[in-house]
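Novice: This is the content of model.tsv (TSV, C-alpha atoms):
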chain	number	residue	atom	x	y	z
A	1	MET	CA	20.69	-40.67	-67.64
A	2	SER	CA	20.39	-37.08	-66.51
A	3	HIS	CA	19.45	-36.22	-62.99
A	4	GLN	CA	16.40	-34.09	-62.63
A	5	ALA	CA	16.96	-30.94	-60.57
A	6	GLN	CA	15.58	-31.37	-57.13
A	7	PRO	CA	12.89	-28.80	-56.38
A	8	GLN	CA	14.14	-26.24	-53.89
A	9	ARG	CA	12.65	-26.58	-50.46
A	10	PRO	CA	10.82	-23.50	-49.40
A	11	GLU	CA	12.50	-21.63	-46.58
A	12	GLN	CA	11.40	-23.03	-43.30
A	13	GLU	CA	8.89	-20.77	-41.68
A	14	GLN	CA	10.04	-19.29	-38.41
A	15	PRO	CA	7.78	-20.18	-35.51
A	16	PRO	CA	5.77	-17.18	-34.38
A	17	ARG	CA	7.56	-15.24	-31.66
A	18	GLN	CA	6.11	-15.69	-28.26
A	19	PRO	CA	5.05	-12.41	-26.72
A	20	GLU	CA	7.52	-11.21	-24.14
A	21	GLN	CA	6.57	-12.01	-20.59
A	22	GLU	CA	5.04	-9.04	-18.84
A	23	PRO	CA	7.45	-7.67	-16.23
A	24	ILE	CA	6.43	-7.65	-12.60
A	25	LYS	CA	6.18	-3.97	-11.71
A	26	TYR	CA	6.22	-2.28	-8.32
A	27	GLY	CA	2.53	-1.43	-8.67
A	28	ASP	CA	1.70	-5.13	-9.14
A	29	VAL	CA	2.92	-6.12	-5.68
A	30	PHE	CA	3.00	-2.94	-3.57
A	31	ASN	CA	0.57	-0.13	-2.84
A	32	VAL	CA	2.66	2.58	-4.56
A	33	ALA	CA	1.84	5.30	-7.06
A	34	GLY	CA	3.35	7.47	-9.79
A	35	ASP	CA	6.39	6.49	-11.86
A	36	LEU	CA	7.52	3.87	-9.36
A	37	ALA	CA	4.31	1.84	-9.79
A	38	ALA	CA	5.07	1.38	-13.52
A	39	LYS	CA	8.73	0.32	-13.08
A	40	PRO	CA	9.77	-3.36	-13.34
A	41	ILE	CA	11.47	-4.54	-10.13
A	42	PRO	CA	15.23	-4.98	-10.85
A	43	PRO	CA	17.80	-7.12	-8.97
A	44	GLU	CA	19.81	-4.26	-7.47
A	45	ASP	CA	16.70	-2.78	-5.79
A	46	ALA	CA	16.03	-6.20	-4.22
A	47	ASN	CA	19.67	-6.46	-3.06
A	48	MET	CA	19.50	-3.00	-1.47
A	49	MET	CA	16.29	-3.90	0.38
A	50	GLN	CA	17.82	-7.19	1.58
A	51	SER	CA	20.81	-5.31	3.01
A	52	ALA	CA	18.57	-2.71	4.68
A	53	GLU	CA	16.31	-5.39	6.23
A	54	THR	CA	19.31	-7.36	7.50
A	55	MET	CA	20.70	-4.26	9.25
A	56	VAL	CA	17.42	-3.73	11.15
A	57	PHE	CA	16.06	-7.27	11.67
A	58	GLY	CA	19.33	-9.22	11.60
A	59	GLN	CA	17.99	-11.19	8.62
A	60	THR	CA	15.64	-10.85	5.65
A	61	LYS	CA	12.03	-10.77	6.87
A	62	LYS	CA	10.12	-13.85	5.69
A	63	GLY	CA	7.39	-12.76	3.27
A	64	GLY	CA	8.53	-9.13	3.57
A	65	PRO	CA	9.30	-6.59	0.83
A	66	ALA	CA	12.88	-7.84	0.27
A	67	ALA	CA	11.69	-11.41	-0.34
A	68	THR	CA	8.89	-10.20	-2.63
A	69	MET	CA	11.29	-7.97	-4.57
A	70	GLN	CA	13.88	-10.74	-4.91
A	71	SER	CA	11.30	-13.14	-6.34
A	72	ALA	CA	9.98	-10.53	-8.79
A	73	ALA	CA	13.49	-9.42	-9.84
A	74	THR	CA	14.54	-13.03	-10.52
A	75	ARG	CA	11.52	-13.56	-12.78
A	76	ASN	CA	12.10	-10.24	-14.54
A	77	GLU	CA	15.76	-11.11	-15.18
A	78	ARG	CA	14.85	-14.56	-16.56
A	79	ALA	CA	12.31	-12.92	-18.86
A	80	GLY	CA	15.01	-10.56	-20.13
A	81	VAL	CA	13.20	-7.37	-19.08
A	82	VAL	CA	15.94	-6.30	-16.64
A	83	GLY	CA	19.69	-6.92	-16.41
A	84	HIS	CA	21.50	-8.50	-13.47
A	85	PHE	CA	22.97	-5.18	-12.32
A	86	ASP	CA	19.97	-2.97	-13.11
A	87	ALA	CA	18.60	-0.59	-10.48
A	88	SER	CA	15.63	1.75	-10.66
A	89	GLU	CA	16.04	5.50	-10.71
A	90	ALA	CA	13.87	5.80	-7.60
A	91	ALA	CA	16.16	3.46	-5.64
A	92	THR	CA	19.44	5.00	-6.77
A	93	GLU	CA	18.36	8.63	-6.38
A	94	GLN	CA	16.02	8.51	-3.35
A	95	GLY	CA	17.21	5.32	-1.70
A	96	VAL	CA	15.90	2.07	-0.30
A	97	THR	CA	15.38	2.39	3.46
A	98	VAL	CA	14.18	0.49	6.49
A	99	THR	CA	13.57	2.85	9.41
A	100	GLU	CA	12.46	2.36	13.01
A	101	THR	CA	10.25	4.71	15.02
A	102	ASP	CA	9.86	4.02	18.72
A	103	ILE	CA	6.94	5.36	20.72
A	104	PRO	CA	6.12	4.10	24.22
A	105	GLY	CA	4.96	0.49	23.95
A	106	THR	CA	5.32	0.32	20.17
A	107	ARG	CA	8.03	-0.01	17.55
A	108	ILE	CA	7.08	0.94	13.99
A	109	VAL	CA	9.33	-0.35	11.20
A	110	THR	CA	8.75	1.23	7.80
A	111	GLU	CA	10.30	0.04	4.53
A	112	ARG	CA	10.49	2.45	1.58
A	113	VAL	CA	11.65	2.49	-2.03
A	114	GLY	CA	12.13	5.94	-3.50
A	115	GLY	CA	10.35	7.48	-0.52
A	116	GLN	CA	7.19	5.35	-0.98
A	117	VAL	CA	6.13	2.84	1.67
A	118	VAL	CA	6.31	-0.81	0.54
A	119	GLY	CA	5.97	-2.39	3.99
A	120	GLN	CA	5.24	-1.49	7.60
A	121	TYR	CA	5.23	-3.47	10.83
A	122	VAL	CA	3.89	-2.38	14.20
A	123	GLU	CA	5.46	-4.39	17.04
A	124	PRO	CA	4.73	-4.07	20.76
A	125	THR	CA	7.70	-3.23	22.98
A	126	PRO	CA	7.94	-3.29	26.77
A	127	VAL	CA	7.33	0.06	28.43
A	128	GLN	CA	9.53	0.78	31.43
A	129	GLY	CA	9.04	3.50	34.01
A	130	LEU	CA	6.85	5.88	32.05
A	131	SER	CA	6.06	9.03	33.96
A	132	ALA	CA	2.77	10.79	33.35
A	133	GLY	CA	4.59	13.64	31.60
A	134	SER	CA	6.32	11.36	29.11
A	135	VAL	CA	3.22	9.64	27.75
A	136	GLN	CA	3.13	9.94	23.96
A	137	ASN	CA	0.39	12.32	22.85
A	138	ALA	CA	0.55	11.51	19.14
A	139	ILE	CA	-2.75	10.42	17.56
A	140	THR	CA	-3.01	7.11	15.73
A	141	ILE	CA	-5.11	6.36	12.64
A	142	GLY	CA	-7.48	4.26	14.76
A	143	GLU	CA	-7.97	7.12	17.23
A	144	ALA	CA	-8.61	9.58	14.39
A	145	LEU	CA	-11.27	7.25	12.97
A	146	GLU	CA	-12.89	6.99	16.41
A	147	ALA	CA	-12.92	10.80	16.52
A	148	THR	CA	-14.85	10.76	13.23
A	149	ALA	CA	-17.50	8.62	14.92
A	150	GLN	CA	-17.88	11.44	17.47
A	151	THR	CA	-17.73	14.47	15.15
A	152	CYS	CA	-19.66	13.07	12.19
A	153	GLY	CA	-21.24	9.89	13.50
A	154	MET	CA	-24.74	10.53	12.15
A	155	LYS	CA	-23.56	10.85	8.56
A	156	VAL	CA	-24.89	8.05	6.32
A	157	VAL	CA	-21.98	5.99	4.99
A	158	ASP	CA	-21.45	6.46	1.25
A	159	GLN	CA	-18.81	5.32	-1.26
A	160	SER	CA	-16.45	8.22	-0.49
A	161	ASP	CA	-16.48	7.32	3.22
A	162	ALA	CA	-15.82	3.64	2.43
A	163	ALA	CA	-12.90	4.55	0.16
A	164	ALA	CA	-11.40	6.87	2.79
A	165	ILE	CA	-11.77	4.21	5.52
A	166	GLN	CA	-10.12	1.63	3.25
A	167	ALA	CA	-7.20	4.00	2.56
A	168	ALA	CA	-6.83	4.61	6.30
A	169	GLU	CA	-6.86	0.87	7.08
A	170	VAL	CA	-4.24	0.17	4.37
A	171	ARG	CA	-1.95	2.82	5.84
A	172	ALA	CA	-2.50	1.66	9.43
A	173	THR	CA	-1.78	-2.00	8.70
A	174	GLY	CA	0.76	-1.67	5.86
A	175	SER	CA	-1.24	-4.23	3.86
A	176	ASN	CA	-3.61	-3.63	0.96
A	177	VAL	CA	-5.46	-6.91	1.61
A	178	ILE	CA	-9.04	-6.17	2.67
A	179	VAL	CA	-9.68	-8.27	5.78
A	180	PRO	CA	-13.17	-9.85	5.90
A	181	GLY	CA	-15.06	-8.27	8.78
A	182	GLY	CA	-12.48	-5.47	9.10
A	183	LEU	CA	-13.21	-1.75	8.99
A	184	ALA	CA	-12.85	-1.37	5.22
A	185	ALA	CA	-15.02	-4.40	4.46
A	186	THR	CA	-17.69	-3.23	6.92
A	187	ALA	CA	-17.67	0.29	5.47
A	188	GLN	CA	-17.99	-1.04	1.91
A	189	SER	CA	-20.94	-3.25	2.89
A	190	ALA	CA	-22.57	-0.27	4.62
A	191	ALA	CA	-22.14	1.98	1.56
A	192	SER	CA	-23.59	-0.73	-0.73
A	193	HIS	CA	-26.56	-1.27	1.64
A	194	ASN	CA	-27.25	2.46	1.89
A	195	ALA	CA	-27.20	2.85	-1.91
A	196	LEU	CA	-29.90	0.22	-2.48
A	197	PRO	CA	-33.08	1.76	-3.92
A	198	GLY	CA	-35.88	1.97	-1.40
A	199	THR	CA	-33.66	1.84	1.71
A	200	ARG	CA	-35.42	3.94	4.35
A	201	GLU	CA	-33.40	6.74	5.92
A	202	GLU	CA	-33.78	5.27	9.41
A	203	ASP	CA	-32.42	1.93	8.18
A	204	LYS	CA	-29.26	3.40	6.68
A	205	ILE	CA	-25.92	2.65	8.37
A	206	LYS	CA	-24.12	5.63	9.89
A	207	LEU	CA	-20.41	6.35	10.36
A	208	SER	CA	-20.73	5.84	14.11
A	209	ASP	CA	-21.98	2.28	13.48
A	210	VAL	CA	-18.82	1.49	11.50
A	211	LEU	CA	-16.15	3.50	13.31
A	212	ALA	CA	-17.01	3.08	17.00
A	213	GLY	CA	-14.04	1.30	18.61
A	214	ALA	CA	-12.04	1.55	15.35
A	215	SER	CA	-8.64	1.09	17.04
A	216	GLY	CA	-9.61	-2.38	18.25
A	217	LYS	CA	-10.90	-3.39	14.81
A	218	LEU	CA	-7.64	-2.60	12.99
A	219	GLY	CA	-5.11	-5.40	12.58
A	220	ALA	CA	-2.37	-2.85	13.36
A	221	ASP	CA	-2.22	0.87	14.03
A	222	LYS	CA	0.25	3.71	13.60
A	223	VAL	CA	0.69	7.39	14.33
A	224	VAL	CA	-0.92	9.58	11.65
A	225	THR	CA	1.50	11.36	9.31
A	226	ARG	CA	0.95	13.99	6.64
A	227	ALA	CA	1.44	11.30	3.95
A	228	ASP	CA	-1.35	9.23	5.54
A	229	ALA	CA	-3.65	12.25	5.48
A	230	GLU	CA	-2.88	12.96	1.82
A	231	GLY	CA	-3.68	9.35	0.87
A	232	VAL	CA	-7.00	9.36	2.74
A	233	VAL	CA	-8.02	12.78	1.39
A	234	SER	CA	-7.24	11.63	-2.16
A	235	ALA	CA	-9.40	8.49	-1.74
A	236	GLU	CA	-12.35	10.46	-0.34
A	237	LEU	CA	-12.13	13.09	-3.10
A	238	ARG	CA	-11.90	10.56	-5.94
A	239	ASN	CA	-15.05	8.78	-4.80
A	240	ASP	CA	-17.22	11.82	-4.07
A	241	PRO	CA	-19.54	12.92	-6.92
A	242	ASN	CA	-18.73	16.58	-6.16
A	243	LEU	CA	-14.99	15.92	-5.67
A	244	THR	CA	-15.09	17.36	-2.15
A	245	THR	CA	-14.36	16.03	1.33
A	246	HIS	CA	-17.05	16.03	4.01
A	247	PRO	CA	-16.60	18.52	6.88
A	248	GLY	CA	-15.71	16.57	10.03
A	249	GLY	CA	-15.57	13.33	8.02
A	250	VAL	CA	-12.86	10.68	7.73
A	251	ALA	CA	-10.42	12.74	5.64
A	252	ALA	CA	-10.94	15.82	7.81
A	253	SER	CA	-10.26	13.88	11.03
A	254	ILE	CA	-7.13	12.20	9.66
A	255	THR	CA	-5.86	15.58	8.38
A	256	ALA	CA	-6.48	17.23	11.76
A	257	ALA	CA	-4.64	14.38	13.53
A	258	ALA	CA	-1.65	14.68	11.17
A	259	ARG	CA	-1.48	18.43	11.83
A	260	LEU	CA	-1.57	17.91	15.61
A	261	ASN	CA	1.12	15.22	15.41
A	262	GLN	CA	3.32	17.53	13.38
A	263	ASN	CA	3.00	20.20	16.08
A	264	ILE	CA	4.01	17.65	18.73
A	265	ASP	CA	7.15	16.78	16.77
A	266	THR	CA	8.23	20.40	16.30
What do you get writing this file as structure tokens?
Specialist:
Amino acid sequence: MSHQAQPQRPEQEQPPRQPEQEPIKYGDVFNVAGDLAAKPIPPEDANMMQSAETMVFGQTKKGGPAATMQSAATRNERAGVVGHFDASEAATEQGVTVTETDIPGTRIVTERVGGQVVGQYVEPTPVQGLSAGSVQNAITIGEALEATAQTCGMKVVDQSDAAAIQAAEVRATGSNVIVPGGLAATAQSAASHNALPGTREEDKIKLSDVLAGASGKLGADKVVTRADAEGVVSAELRNDPNLTTHPGGVAASITAAARLNQNIDT
């Protein structure tokens, strides 16, 4: 009795490949721009930030940039999008730094990757024996916003003002979370109210209504730098229909403060 040839089994179909997990990039977790924003966070960057934080704080800051980077780098490595010893070009060429700036009564700690700020903390420090001549004259972001309330207070708040105020708040606090009831949230509500059809001119919300006492409404504050001014100017320009900044407005006040602070330093 002859054996019938067994029919050949068709080749087993390969299961469809799962799409690769999207890497966690710098721009996903930090308020950064340019090439850095598009780069996946690698382990060596996280290790460098951990070392830098430990040198300044004595330990890794809970919930700080190093912890965030370590978590992201671990996930990226597991997903196979970065290697265990990978480092970004920004970190290797421009560095990962944690720097301290002391002004009377305040210590500002700034954390950077490739020159871009990924975290900032403003901590009060005791002030001892300050003479009248040694009082710090540098202008903070909150003070510059209060100056706007004086120089341009009657201007009706529009979207470009709200965007500039939000950019200023982000730079002052080091956090891109919009705090309910904070300056940025109030400015956005004002711009939306003012843009409603039929809103009478006398009912529109002015800059002075939003920015009076700005320093006290910020969760944290810092001395204005040129980088802060550039960020605020960019936000105001992008959201203005004519791509211009308003004379005496938020961007103009922040820019003037940065210029004065630069003169104090030199």
Novice: Quote the spacing between CA of Gly142 in chain A and CA of Asn176 in chain A in Å to one decimal place.
Specialist: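 Computed distance, CA of Gly142 in chain A to CA of Asn176 in chain A, equals 16.4 Å.
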Novice: Smallest atom-to-atom distance to Gly153 in chain A: which of A:Gly174, A:Pro197, A:Pro247, A:Gly181, using only C-alpha atoms?
Specialist: A:Pro247
Novice: Rank A:Gln94, A:Gln150, A:Asn47, A:Gln120 by their smallest atom-to-atom distance to Asn31 in chain A, using all atoms listed in the file, and report the top residue only.
Specialist: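 Distance minimum relative to Asn31 in chain A lands on A:Gln120.
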Novice: Grab the CA of Gly64 in chain A to CA of Ala185 in chain A distance for me, in Å with one decimal place.
Specialist: 24.0 Å
Novice: What separation in Å, quoted to one decimal, exists between CA of Asp158 in chain A and CA of Ser175 in chain A?
Specialist: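 Taking CA of Asp158 in chain A and CA of Ser175 in chain A, their separation equals 23.0 Å.
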Novice: For Ala167 in chain A, which residue among A:Ser234, A:Thr110, A:Thr225, A:Thr151 is the nearest when counting only C-alpha atoms?
Specialist: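 The shortest atom-to-atom distance to Ala167 in chain A comes from A:Ser234.
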Novice: Rank A:Thr186, A:Asn261, A:Thr74, A:Thr245 by their smallest atom-to-atom distance to Ala214 in chain A, using all atoms listed in the file, and report the top residue only.
Specialist: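 Of A:Thr186, A:Asn261, A:Thr74, A:Thr245, the one nearest Ala214 in chain A is A:Thr186, counting all atoms listed in the file.
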Novice: Quick one: residues within 12 Å of Ala190 in chain A, all atoms listed in the file counted, chain neighbours fewer than 2 positions away excluded, as a PyMOL selection string?
Specialist: chain A and resi 155-163+165+181+183-188+192-196+199+203-211
Novice: Given the choices A:Gly63, A:Thr68, A:Phe85, A:Gly58, which gets closest to Pro43 in chain A if the distance is worked out from all atoms listed in the file?
Specialist: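 Ranking A:Gly63, A:Thr68, A:Phe85, A:Gly58 by distance to Pro43 in chain A, first place goes to A:Phe85.
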Novice: Would you mind writing range 200-221 of chain A with N, CA and C atoms, as a tab-separated table (two decimals), in the coordinates of the input?
Specialist:
chain	number	residue	atom	x	y	z
A	200	ARG	N	-34.88	2.82	3.55
A	200	ARG	CA	-35.42	3.94	4.35
A	200	ARG	C	-34.28	4.63	5.09
A	201	GLU	N	-34.45	5.94	5.29
A	201	GLU	CA	-33.40	6.74	5.92
A	201	GLU	C	-33.04	6.19	7.29
A	202	GLU	N	-34.04	5.76	8.06
A	202	GLU	CA	-33.78	5.27	9.41
A	202	GLU	C	-33.08	3.92	9.42
A	203	ASP	N	-33.09	3.23	8.27
A	203	ASP	CA	-32.42	1.93	8.18
A	203	ASP	C	-30.99	2.04	7.64
A	204	LYS	N	-30.60	3.23	7.25
A	204	LYS	CA	-29.26	3.40	6.68
A	204	LYS	C	-28.19	3.36	7.77
A	205	ILE	N	-27.03	2.83	7.41
A	205	ILE	CA	-25.92	2.65	8.37
A	205	ILE	C	-25.11	3.94	8.44
A	206	LYS	N	-24.83	4.36	9.66
A	206	LYS	CA	-24.12	5.63	9.89
A	206	LYS	C	-22.63	5.37	10.18
A	207	LEU	N	-21.86	6.46	10.09
A	207	LEU	CA	-20.41	6.35	10.36
A	207	LEU	C	-20.13	5.85	11.77
A	208	SER	N	-20.96	6.28	12.73
A	208	SER	CA	-20.73	5.84	14.11
A	208	SER	C	-20.90	4.33	14.25
A	209	ASP	N	-21.79	3.74	13.44
A	209	ASP	CA	-21.98	2.28	13.48
A	209	ASP	C	-20.73	1.54	13.03
A	210	VAL	N	-20.00	2.14	12.07
A	210	VAL	CA	-18.82	1.49	11.50
A	210	VAL	C	-17.56	1.80	12.30
A	211	LEU	N	-17.43	3.04	12.77
A	211	LEU	CA	-16.15	3.50	13.31
A	211	LEU	C	-16.04	3.48	14.83
A	212	ALA	N	-17.12	3.18	15.54
A	212	ALA	CA	-17.01	3.08	17.00
A	212	ALA	C	-16.02	1.97	17.36
A	213	GLY	N	-15.05	2.29	18.21
A	213	GLY	CA	-14.04	1.30	18.61
A	213	GLY	C	-13.11	0.92	17.48
A	214	ALA	N	-12.84	1.86	16.55
A	214	ALA	CA	-12.04	1.55	15.35
A	214	ALA	C	-10.66	1.00	15.68
A	215	SER	N	-10.01	1.53	16.71
A	215	SER	CA	-8.64	1.09	17.04
A	215	SER	C	-8.59	-0.42	17.27
A	216	GLY	N	-9.59	-0.95	17.95
A	216	GLY	CA	-9.61	-2.38	18.25
A	216	GLY	C	-9.95	-3.24	17.04
A	217	LYS	N	-10.50	-2.62	16.00
A	217	LYS	CA	-10.90	-3.39	14.81
A	217	LYS	C	-9.80	-3.42	13.75
A	218	LEU	N	-8.75	-2.61	13.94
A	218	LEU	CA	-7.64	-2.60	12.99
A	218	LEU	C	-6.65	-3.70	13.35
A	219	GLY	N	-6.11	-4.36	12.33
A	219	GLY	CA	-5.11	-5.40	12.58
A	219	GLY	C	-3.83	-4.83	13.15
A	220	ALA	N	-3.53	-3.57	12.83
A	220	ALA	CA	-2.37	-2.85	13.36
A	220	ALA	C	-2.70	-1.37	13.30
A	221	ASP	N	-1.92	-0.56	14.00
A	221	ASP	CA	-2.22	0.87	14.03
A	221	ASP	C	-0.90	1.63	13.98
